[in-house]
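Asks: The following file, query33.txt, comprises compact mmCIF, C-alpha atoms and all ligand atoms:
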# COMPACT_ATOMS: atom_id res chain seq x y z
CA MET U 104 0.00 0.00 0.00
CA LYS U 105 1.01 3.64 -0.36
CA ALA U 106 1.84 5.43 2.89
CA LEU U 107 3.19 8.84 3.78
CA PHE U 108 6.31 8.36 5.87
CA LYS U 109 8.53 10.47 8.02
CA SER U 110 11.46 8.40 6.89
CA LYS U 111 14.41 10.65 7.72
CA SER U 112 15.33 13.20 10.40
CA GLN U 113 14.79 16.16 8.08
CA ARG U 114 12.05 18.38 6.61
CA GLY U 115 9.33 16.74 4.53
CA LEU U 116 7.48 13.44 4.15
CA GLU U 117 7.88 10.62 1.62
CA LEU U 118 5.22 8.61 -0.17
CA LEU U 119 6.43 5.00 -0.09
CA ASP U 120 5.15 1.56 -1.01
CA VAL U 121 4.94 -0.70 2.03
CA GLU U 122 3.27 -3.93 3.00
CA LYS U 123 -0.40 -3.64 3.99
CA PRO U 124 -0.63 -4.19 7.79
CA SER U 125 -2.83 -6.86 9.33
CA PRO U 126 -4.84 -6.40 12.51
CA LYS U 127 -3.58 -8.10 15.65
CA LYS U 128 -5.70 -9.18 18.60
CA GLY U 129 -8.13 -6.41 19.56
CA GLU U 130 -7.43 -4.32 16.45
CA VAL U 131 -9.36 -3.48 13.30
CA LEU U 132 -7.94 -2.79 9.85
CA VAL U 133 -9.58 0.09 8.00
CA LYS U 134 -9.42 1.21 4.40
CA VAL U 135 -8.76 4.92 4.87
CA LYS U 136 -11.49 7.06 3.27
CA ALA U 137 -10.32 10.46 4.53
CA ALA U 138 -7.44 11.69 6.68
CA SER U 139 -7.11 15.34 7.62
CA ILE U 140 -3.94 17.29 8.32
CA CYS U 141 -3.45 18.70 11.82
CA GLY U 142 -1.02 21.36 13.05
CA THR U 143 0.98 18.53 14.65
CA ASP U 144 1.44 16.91 11.23
CA LEU U 145 2.71 20.24 9.94
CA HIS U 146 5.26 20.36 12.80
CA ILE U 147 6.38 16.86 11.85
CA TYR U 148 6.55 17.86 8.18
CA GLU U 149 8.56 21.02 8.97
CA TRP U 150 10.68 19.03 11.45
CA ASN U 151 10.64 21.71 14.16
CA GLU U 152 12.33 21.36 17.54
CA TRP U 153 9.33 19.62 19.13
CA ALA U 154 9.20 17.06 16.30
CA GLN U 155 12.95 16.44 16.45
CA ASN U 156 12.68 15.63 20.15
CA ARG U 157 9.55 13.51 19.93
CA ILE U 158 9.43 11.62 16.61
CA LYS U 159 11.53 8.53 15.95
CA PRO U 160 11.57 7.89 12.16
CA PRO U 161 10.61 5.84 10.26
CA LEU U 162 6.93 6.33 11.03
CA ILE U 163 3.70 6.72 9.03
CA ALA U 164 2.39 10.23 9.75
CA GLY U 165 -1.19 11.41 10.35
CA HIS U 166 -3.84 10.77 13.00
CA GLU U 167 -7.20 12.32 12.02
CA VAL U 168 -8.99 9.57 10.13
CA ALA U 169 -12.17 7.94 8.93
CA GLY U 170 -12.02 4.49 7.40
CA GLU U 171 -14.13 1.49 6.53
CA ILE U 172 -13.40 -1.69 8.47
CA VAL U 173 -12.12 -4.39 6.14
CA GLU U 174 -10.71 -6.88 8.66
CA LEU U 175 -11.27 -7.64 12.34
CA GLY U 176 -8.51 -8.90 14.62
CA GLU U 177 -9.07 -11.72 17.10
CA GLY U 178 -11.57 -11.00 19.85
CA VAL U 179 -12.96 -7.73 18.43
CA LYS U 180 -16.61 -7.30 19.39
CA GLY U 181 -19.13 -4.59 18.58
CA PHE U 182 -17.72 -3.79 15.13
CA GLY U 183 -18.25 -5.34 11.72
CA LYS U 184 -16.81 -5.18 8.22
CA GLY U 185 -18.10 -2.11 6.38
CA ASP U 186 -18.48 0.05 9.52
CA LEU U 187 -17.22 3.61 9.00
CA VAL U 188 -15.08 4.36 12.03
CA SER U 189 -13.11 7.35 13.24
CA ALA U 190 -10.27 7.08 15.71
CA GLU U 191 -9.70 8.49 19.15
CA THR U 192 -6.02 9.12 18.58
CA HIS U 193 -4.86 8.85 22.20
CA VAL U 194 -4.15 5.14 22.56
CA TYR U 195 -4.61 4.38 26.27
CA CYS U 196 -3.52 1.43 28.39
CA GLY U 197 -6.69 1.09 30.46
CA LYS U 198 -4.67 0.02 33.51
CA CYS U 199 -2.79 3.03 34.89
CA PHE U 200 -3.90 5.44 37.64
CA GLN U 201 -5.30 7.97 35.12
CA CYS U 202 -7.14 5.35 33.07
CA LEU U 203 -8.65 3.82 36.19
CA SER U 204 -9.77 7.23 37.47
CA GLY U 205 -11.77 8.08 34.36
CA ASN U 206 -9.05 10.08 32.63
CA ARG U 207 -8.08 7.78 29.76
CA HIS U 208 -7.34 10.83 27.58
CA VAL U 209 -4.29 11.54 29.77
CA CYS U 210 -3.16 7.92 30.19
CA GLU U 211 0.28 7.69 31.78
CA THR U 212 1.60 5.61 28.88
CA MET U 213 -0.46 7.25 26.15
CA LYS U 214 0.66 6.74 22.56
CA ILE U 215 -0.57 8.91 19.69
CA PHE U 216 -1.09 7.77 16.09
CA GLY U 217 1.40 9.33 13.70
CA VAL U 218 3.50 10.59 16.62
CA ASP U 219 4.52 7.57 18.71
CA ILE U 220 3.08 4.76 16.55
CA ASP U 221 2.26 4.38 12.85
CA GLY U 222 -0.42 6.79 11.70
CA VAL U 223 -3.13 7.03 9.09
CA PHE U 224 -1.79 8.85 6.01
CA ALA U 225 -1.96 5.57 4.11
CA GLU U 226 -4.32 3.39 2.12
CA TYR U 227 -4.90 1.17 5.16
CA ALA U 228 -4.46 1.72 8.90
CA VAL U 229 -4.68 -0.42 12.00
CA ILE U 230 -6.75 0.94 14.92
CA PRO U 231 -7.18 -0.69 18.34
CA ALA U 232 -10.91 -1.44 18.61
CA GLN U 233 -10.92 0.29 22.04
CA ASN U 234 -10.07 3.53 20.14
CA ALA U 235 -12.54 3.12 17.28
CA TRP U 236 -15.69 5.25 17.12
CA LYS U 237 -18.51 3.88 14.98
CA ASN U 238 -20.21 6.52 12.85
CA PRO U 239 -23.76 6.47 11.55
CA LYS U 240 -24.25 4.93 8.10
CA GLY U 241 -23.91 7.44 5.28
CA MET U 242 -21.81 9.98 7.20
CA LYS U 243 -19.38 11.79 4.90
CA PRO U 244 -15.86 10.40 5.56
CA GLU U 245 -14.24 13.85 5.66
CA ILE U 246 -16.70 14.98 8.33
CA ALA U 247 -16.15 11.73 10.24
CA ALA U 248 -12.38 12.35 10.13
CA ILE U 249 -12.47 15.90 11.49
CA GLN U 250 -14.45 14.82 14.57
CA GLU U 251 -11.13 14.41 16.34
CA PRO U 252 -10.13 18.11 16.27
CA PHE U 253 -13.82 19.07 16.54
CA GLY U 254 -13.76 17.05 19.78
CA ASN U 255 -10.92 19.21 21.09
CA ALA U 256 -13.23 22.18 20.58
CA VAL U 257 -16.17 20.42 22.27
CA HIS U 258 -13.97 19.54 25.26
CA SER U 259 -12.74 23.16 25.50
CA VAL U 260 -16.13 24.85 25.12
CA PHE U 261 -17.95 22.72 27.72
CA ALA U 262 -15.13 22.32 30.28
CA GLY U 263 -16.21 23.36 33.77
CA GLY U 264 -19.87 22.82 33.02
CA ASP U 265 -20.81 26.52 32.91
CA ARG U 266 -23.86 27.55 30.94
CA ILE U 267 -23.00 28.75 27.48
CA ASP U 268 -26.44 30.06 26.61
CA GLY U 269 -26.68 33.80 26.97
CA SER U 270 -22.94 34.18 27.47
CA THR U 271 -20.24 36.05 25.59
CA VAL U 272 -17.49 33.69 24.45
CA LEU U 273 -14.08 34.91 23.33
CA ILE U 274 -11.93 32.56 21.23
CA THR U 275 -8.33 33.49 20.40
CA GLY U 276 -7.06 31.70 17.27
CA ALA U 277 -9.24 30.99 14.22
CA GLY U 278 -7.45 27.82 13.22
CA PRO U 279 -9.74 24.86 12.47
CA ILE U 280 -10.28 24.16 16.18
CA GLY U 281 -11.06 27.81 17.02
CA CYS U 282 -13.53 27.91 14.12
CA PHE U 283 -15.20 24.69 15.29
CA ALA U 284 -15.41 26.15 18.80
CA ALA U 285 -17.19 29.23 17.42
CA GLY U 286 -19.86 27.03 15.79
CA ILE U 287 -20.22 24.91 18.93
CA ALA U 288 -20.59 27.93 21.23
CA LYS U 289 -23.27 29.41 18.94
CA ALA U 290 -25.10 26.06 18.82
CA ALA U 291 -25.00 25.99 22.64
CA GLY U 292 -26.77 29.36 22.69
CA ALA U 293 -23.93 31.85 23.21
CA LYS U 294 -25.27 35.37 22.85
CA LYS U 295 -22.09 36.65 21.28
CA VAL U 296 -18.99 34.84 19.99
CA ILE U 297 -15.89 36.95 19.44
CA VAL U 298 -12.95 35.42 17.56
CA SER U 299 -9.48 36.88 17.15
CA ASP U 300 -6.67 35.94 14.78
CA LEU U 301 -3.92 37.71 12.86
CA ASN U 302 -4.96 36.18 9.54
CA ASP U 303 -8.03 37.60 7.76
CA PHE U 304 -8.61 34.46 5.69
CA ARG U 305 -8.87 32.39 8.86
CA LEU U 306 -11.13 35.01 10.47
CA SER U 307 -13.42 34.71 7.44
CA LEU U 308 -13.77 30.98 8.18
CA ALA U 309 -14.75 31.81 11.78
CA GLY U 310 -17.39 34.12 10.29
CA LYS U 311 -18.72 31.22 8.20
CA MET U 312 -18.94 29.23 11.47
CA LYS U 313 -21.30 31.95 12.76
CA ALA U 314 -18.91 33.95 14.97
CA ASP U 315 -20.49 37.37 15.57
CA ILE U 316 -17.43 39.57 15.95
CA LEU U 317 -14.10 39.05 14.18
CA VAL U 318 -11.05 40.86 15.53
CA ASN U 319 -7.71 41.04 13.75
CA ALA U 320 -5.45 41.40 16.80
CA GLN U 321 -2.73 42.87 14.63
CA ASN U 322 -4.80 45.98 13.95
CA GLU U 323 -7.07 46.19 16.98
CA ASN U 324 -6.71 46.01 20.77
CA LEU U 325 -8.60 42.84 21.67
CA ALA U 326 -9.37 43.72 25.30
CA GLU U 327 -10.81 47.09 24.23
CA CYS U 328 -12.96 45.44 21.54
CA VAL U 329 -14.27 42.86 24.01
CA LYS U 330 -15.04 45.52 26.66
CA LYS U 331 -16.91 47.53 24.03
CA GLU U 332 -18.98 44.47 23.07
CA THR U 333 -19.82 43.59 26.70
CA ASN U 334 -20.78 46.96 28.20
CA GLY U 335 -17.36 47.20 29.80
CA ARG U 336 -17.64 43.92 31.72
CA GLY U 337 -15.56 41.47 29.67
CA ALA U 338 -16.18 38.01 28.21
CA ASP U 339 -17.84 35.34 30.37
CA ILE U 340 -15.77 32.58 28.79
CA PHE U 341 -12.35 32.76 27.16
CA ILE U 342 -11.03 29.89 25.08
CA GLU U 343 -7.37 30.03 24.01
CA MET U 344 -6.79 28.20 20.72
CA SER U 345 -3.79 29.93 19.16
CA GLY U 346 -0.77 28.85 21.23
CA SER U 347 0.35 32.49 21.26
CA GLY U 348 1.45 34.07 24.55
CA ALA U 349 0.22 37.45 23.32
CA ALA U 350 -3.23 35.98 22.68
CA LEU U 351 -3.31 34.34 26.13
CA ASN U 352 -2.50 37.70 27.74
CA ASP U 353 -5.02 39.56 25.55
CA GLY U 354 -7.68 36.99 26.39
CA LEU U 355 -7.11 37.11 30.15
CA LYS U 356 -7.35 40.91 30.03
CA SER U 357 -10.63 40.55 28.10
CA LEU U 358 -12.17 38.16 30.65
CA ARG U 359 -14.79 39.39 33.12
CA VAL U 360 -14.28 38.99 36.85
CA GLY U 361 -15.29 35.43 37.78
CA GLY U 362 -15.02 34.24 34.19
CA ARG U 363 -13.92 30.82 32.99
CA VAL U 364 -10.92 30.03 30.79
CA SER U 365 -10.09 26.94 28.73
CA ILE U 366 -6.56 26.73 27.35
CA LEU U 367 -6.11 24.26 24.49
CA GLY U 368 -3.31 26.13 22.69
CA VAL U 369 0.16 24.63 22.91
CA PHE U 370 2.89 27.23 23.48
CA ASN U 371 6.38 26.65 22.17
CA LYS U 372 7.95 28.42 25.15
CA PRO U 373 7.01 29.53 28.69
CA VAL U 374 4.67 32.56 28.79
CA ALA U 375 4.83 35.50 31.23
CA LEU U 376 1.44 36.44 32.75
CA ASP U 377 0.15 39.09 35.17
CA VAL U 378 -1.07 36.40 37.56
CA THR U 379 -2.10 38.82 40.33
CA ASN U 380 -4.37 41.03 38.27
CA ASP U 381 -5.42 38.79 35.39
CA ILE U 382 -6.01 35.57 37.34
CA VAL U 383 -6.10 35.98 41.13
CA PHE U 384 -7.96 39.28 41.60
CA LYS U 385 -10.00 38.40 38.53
CA TYR U 386 -11.18 35.24 40.30
CA ALA U 387 -10.64 33.35 37.04
CA ARG U 388 -11.25 29.61 36.76
CA ILE U 389 -8.75 28.10 34.37
CA PHE U 390 -8.85 24.67 32.73
CA GLY U 391 -5.99 23.11 30.80
CA ILE U 392 -7.51 21.04 28.02
CA ASN U 393 -5.87 17.92 26.63
CA GLY U 394 -7.46 15.71 23.99
CA ARG U 395 -11.04 14.56 24.29
CA LEU U 396 -12.93 12.83 27.11
CA ILE U 397 -13.17 9.19 26.04
CA PHE U 398 -15.91 8.76 24.93
CA ASP U 399 -18.11 11.51 26.41
CA THR U 400 -16.68 14.10 24.06
CA TRP U 401 -17.24 11.80 21.08
CA LYS U 402 -20.92 11.34 21.98
CA LYS U 403 -21.41 15.09 22.21
CA THR U 404 -19.44 15.65 18.99
CA SER U 405 -21.46 13.07 17.09
CA GLU U 406 -24.72 14.56 18.36
CA LEU U 407 -23.77 18.14 17.43
CA ILE U 408 -22.72 17.10 13.93
CA ASN U 409 -25.24 14.38 13.08
CA LYS U 410 -28.23 16.28 14.47
CA LYS U 411 -26.99 19.13 12.26
CA LEU U 412 -26.64 21.53 15.18
CA VAL U 413 -23.21 22.51 13.87
CA ASP U 414 -22.09 22.24 10.25
CA PRO U 415 -18.29 21.92 10.30
CA SER U 416 -17.94 21.85 6.51
CA PRO U 417 -16.96 25.54 5.94
CA VAL U 418 -13.72 24.80 7.81
CA ILE U 419 -12.73 22.10 5.29
CA THR U 420 -11.25 24.26 2.56
CA HIS U 421 -9.17 21.77 0.52
CA ARG U 422 -9.13 18.11 -0.51
CA PHE U 423 -6.22 16.36 -2.24
CA PRO U 424 -5.37 12.81 -3.26
CA LEU U 425 -2.71 11.44 -0.89
CA LYS U 426 -0.03 11.73 -3.57
CA ASP U 427 -0.53 15.51 -3.72
CA PHE U 428 0.14 15.96 0.01
CA GLU U 429 2.86 18.59 -0.68
CA GLU U 430 0.20 21.02 -1.93
CA GLY U 431 -1.83 20.61 1.25
CA PHE U 432 1.15 21.12 3.55
CA SER U 433 2.28 24.16 1.58
CA LEU U 434 -1.14 25.84 1.86
CA LEU U 435 -1.16 25.22 5.61
CA GLU U 436 2.38 26.48 6.03
CA HIS U 437 1.35 29.75 4.39
CA GLY U 438 -1.89 30.15 6.40
CA LYS U 439 -4.00 29.75 3.25
CA ALA U 440 -6.19 26.85 4.33
CA GLY U 441 -8.53 25.74 7.10
CA LYS U 442 -8.68 21.94 7.25
CA VAL U 443 -7.00 20.04 4.44
CA VAL U 444 -8.27 16.50 3.80
CA LEU U 445 -6.15 13.82 2.11
CA VAL U 446 -7.90 11.00 0.28
CA PRO U 447 -5.80 7.87 -0.38
P1 LIG U 501 -3.62 26.46 14.08
O1 LIG U 501 -2.17 26.57 14.28
O2 LIG U 501 -4.15 26.00 12.76
O3 LIG U 501 -4.34 27.83 14.44
C1 LIG U 501 -3.84 28.76 15.33
C2 LIG U 501 -4.29 30.14 14.87
O4 LIG U 501 -3.89 31.09 15.84
C3 LIG U 501 -3.70 30.57 13.52
O5 LIG U 501 -4.74 30.86 12.61
C4 LIG U 501 -2.88 31.80 13.90
O6 LIG U 501 -2.90 32.79 12.88
C5 LIG U 501 -3.60 32.27 15.16
N1 LIG U 501 -2.80 33.19 16.00
C6 LIG U 501 -1.46 33.28 16.14
N2 LIG U 501 -1.13 34.28 16.97
C7 LIG U 501 -2.30 34.84 17.37
C8 LIG U 501 -2.61 35.94 18.22
N3 LIG U 501 -1.69 36.65 18.84
N4 LIG U 501 -3.92 36.24 18.41
C9 LIG U 501 -4.90 35.53 17.79
N5 LIG U 501 -4.64 34.50 16.96
C10 LIG U 501 -3.36 34.17 16.76
O7 LIG U 501 -4.12 25.48 15.24
P2 LIG U 501 -5.36 24.50 15.45
O8 LIG U 501 -5.11 23.21 14.75
O9 LIG U 501 -6.66 25.18 15.25
O10 LIG U 501 -5.12 24.23 17.02
C11 LIG U 501 -5.24 25.29 17.95
C12 LIG U 501 -4.22 25.20 19.05
O11 LIG U 501 -4.50 24.05 19.87
C13 LIG U 501 -2.76 25.02 18.60
O12 LIG U 501 -1.92 25.71 19.51
C14 LIG U 501 -2.54 23.51 18.74
O13 LIG U 501 -1.18 23.20 18.92
C15 LIG U 501 -3.35 23.21 19.97
N6 LIG U 501 -3.85 21.85 20.10
C16 LIG U 501 -3.93 21.37 21.37
C17 LIG U 501 -4.46 20.12 21.60
C18 LIG U 501 -4.58 19.63 23.00
O14 LIG U 501 -4.99 18.48 23.20
N7 LIG U 501 -4.26 20.45 23.98
C19 LIG U 501 -4.94 19.35 20.53
C20 LIG U 501 -4.87 19.89 19.24
C21 LIG U 501 -4.34 21.14 19.04
ZN ZN U 502 -3.31 4.39 31.06
What is this structure when it is put down as structure tokens?
Ligand code: NAD
Ligand code: ZN

Replies:
Amino acid sequence: MKALFKSKSQRGLELLDVEKPSPKKGEVLVKVKAASICGTDLHIYEWNEWAQNRIKPPLIAGHEVAGEIVELGEGVKGFGKGDLVSAETHVYCGKCFQCLSGNRHVCETMKIFGVDIDGVFAEYAVIPAQNAWKNPKGMKPEIAAIQEPFGNAVHSVFAGGDRIDGSTVLITGAGPIGCFAAGIAKAAGAKKVIVSDLNDFRLSLAGKMKADILVNAQNENLAECVKKETNGRGADIFIEMSGSGAALNDGLKSLRVGGRVSILGVFNKPVALDVTNDIVFKYARIFGINGRLIFDTWKKTSELINKKLVDPSPVITHRFPLKDFEEGFSLLEHGKAGKVVLVP
């Protein structure tokens, strides 16, 4: 089969011919129908410092996937050939302290597809059945694939259990996950969703996801805009989805007293914050968000998408055959795409 490999410790990926894998005990083999590119894949492609420290080539890249089951490994129950499944990409052990206390998404020995183990940018991929999510018949594969990042947004929006309806939600970063979060917050009844980015194309995608106010933080002072939109009070909920220290600071300054914060963004270096004024005296409640709750987040995600409460499709801006992966990575590198889907 054809598979997109990180084969050497250098920039880029290589399309190679390799043997089709077979499912071991407890695994399913899927024929990949759609696999979307994530920021992490771009880091691996660019071979940045994080990737150099984490990835051990050779490895098949990619983790966001939807595929049709073509073979079941020994002992797999609850799935059948022809099922369209997506994958929870955090492969958990089920035995450690975190797994046993209901936090499988932060398993102590967690392995991630396309990062620690072979991924899904290939014609076929093996998925442990414990990580497979069965989709309803007829679901579009590209929508099934993007449920994984959409789930990050679901986890971030609903963390803490606060009411979303009637609230003002600020999202920094209009990448695919920030755009999904905008749609989710609106579907949950947010009165006003404000999204900031530095890239107007990406802000336009947030607009298509029904964000009310778009702020280019390069030209405007975010905290001032948010105060103006909230009668001087600030946003009830702030969701950080850019991984920029400037955005985190802007967002905290835009938060109302007693507001809630979810931080999903991953920062490439430590960030300085005004903890006293922007967190302590602000009485802020802050949640670090990692992955998706297994499988609570998936249930919520599936419901939002399949009951058509949120249409994620405006975020998917490009589709390419697997062999044209370079075009997809190049668009992402230049900030000219939302989600890019590869079809083997
Ligand atoms: P992305 O990189 O596609 O989008 C980030 C966006 O933030 C870009 O559009 C960029 O222009 C914008 N941005 C940069 N500086 C900004 C600033 N100062 N103000 C406002 N916007 C700014 O990322 P994505 O795939 O949508 O993911 C969002 C973030 O979540 C990333 O940091 C990613 O690494 C992280 N992430 C975390 C998890 C987790 O489990 N914690 C999972 C997936 C992704
Ligand atoms: Zn575990």

Asks: Compute the set of protein, DNA and RNA residues whose minimum atom distance to ligand LIG 501 (chain U) is at most 8 Å, using all atoms listed in the file, and state it as an NGL selection string.

Replies: :U and (141-143 or 252 or 255 or 275-282 or 299-302 or 305-306 or 319-321 or 343-351 or 353 or 366-370 or 391-395 or 435 or 438 or 441)

Asks: Within 12 Å of ligand ZN 502 (chain U) (counting all atoms listed in the file), which residues show up? I'd like them as number ranges by chain.

Replies: U: 193-214

Asks: May I have the residues within 7 Å of Arg359 (chain U) as a list of chain:residue names, using only C-alpha atoms and disregarding those fewer than 5 positions away in the same chain?

Replies: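 With the cut-off at 7 Å, the set is U:Arg336, U:Gly337, U:Ala338, U:Asp339.
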
Asks: Put those residues in a file: C-alpha atoms, as a tab-separated table (two decimals), in the frame of the given file.

Replies:
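And here's result34.tsv as it stands now:
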chain	number	residue	atom	x	y	z
U	336	ARG	CA	-17.64	43.92	31.72
U	337	GLY	CA	-15.56	41.47	29.67
U	338	ALA	CA	-16.18	38.01	28.21
U	339	ASP	CA	-17.84	35.34	30.37

Asks: When distances are computed from only C-alpha atoms, which of U:Ile249, U:Ala232, U:Ala164, U:Ile147 shows the smallest separation from Asp186 (chain U)?

Replies: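 Closest to Asp186 (chain U) of all the choices is U:Ala232.
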
Asks: Could you tell me which of U:Pro417, U:Gly165, U:Gly264, U:Gly354 comes closest to Asp144 (chain U) if we count all atoms listed in the file?

Replies: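 Looking at the shortest contact to Asp144 (chain U), the residue is U:Gly165.
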
Asks: What does the distance from CA of Glu177 (chain U) to CA of Lys127 (chain U) come to in Å, to one decimal?

Replies: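 So the answer is 6.7 Å.
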
Asks: Need the neighbours of (-24.2, 32.9, 29.4): which residues are at most 12 Å away, counting only C-alpha atoms, as a VMD selection string?

Replies: chain U and resid 264 to 273 288 to 289 291 to 296 333 338 to 340 362 to 363

Asks: Pick out the closest residue to Asn234 (chain U) from this set: U:Phe108, U:Phe182, U:Phe432, U:Phe261. Count all atoms listed in the file.

Replies: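 Checking each of U:Phe108, U:Phe182, U:Phe432, U:Phe261 against Asn234 (chain U), counting all atoms listed in the file, the winner is U:Phe182.
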
Asks: Measure the distance from CA of Thr379 (chain U) to CA of Glu332 (chain U) in Å and round it to one decimal.

Replies: 24.8 Å

Asks: Find the residues around Leu425 (chain U) up to 7 Å (all atoms listed in the file counted), leave out those fewer than 3 positions away in its own chain, and share them as a ChimeraX atom specification.

Replies: /U:428,445-447

Asks: Which neighbours of Glu117 (chain U) fall inside 12 Å, counting all atoms listed in the file, when residues of the same chain fewer than 3 positions from it are skipped, and could you give them as a VMD selection string?

Replies: chain U and resid 105 to 114 120 to 121 148 160 to 164 224 to 225 425 to 429

Asks: Just want the 12 Å neighbourhood of Gly241 (chain U), counted on only C-alpha atoms, with same-chain residues fewer than 4 positions away dropped. Output as number ranges by chain.

Replies: U: 171, 185-188, 237, 245-247, 409

Asks: Which is closer to Lys313 (chain U) than all the others in U:Leu132, U:Ile297, U:Ala440, U:Ile419, using all atoms listed in the file?

Replies: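 Selected residue with least distance to Lys313 (chain U): U:Ile297.
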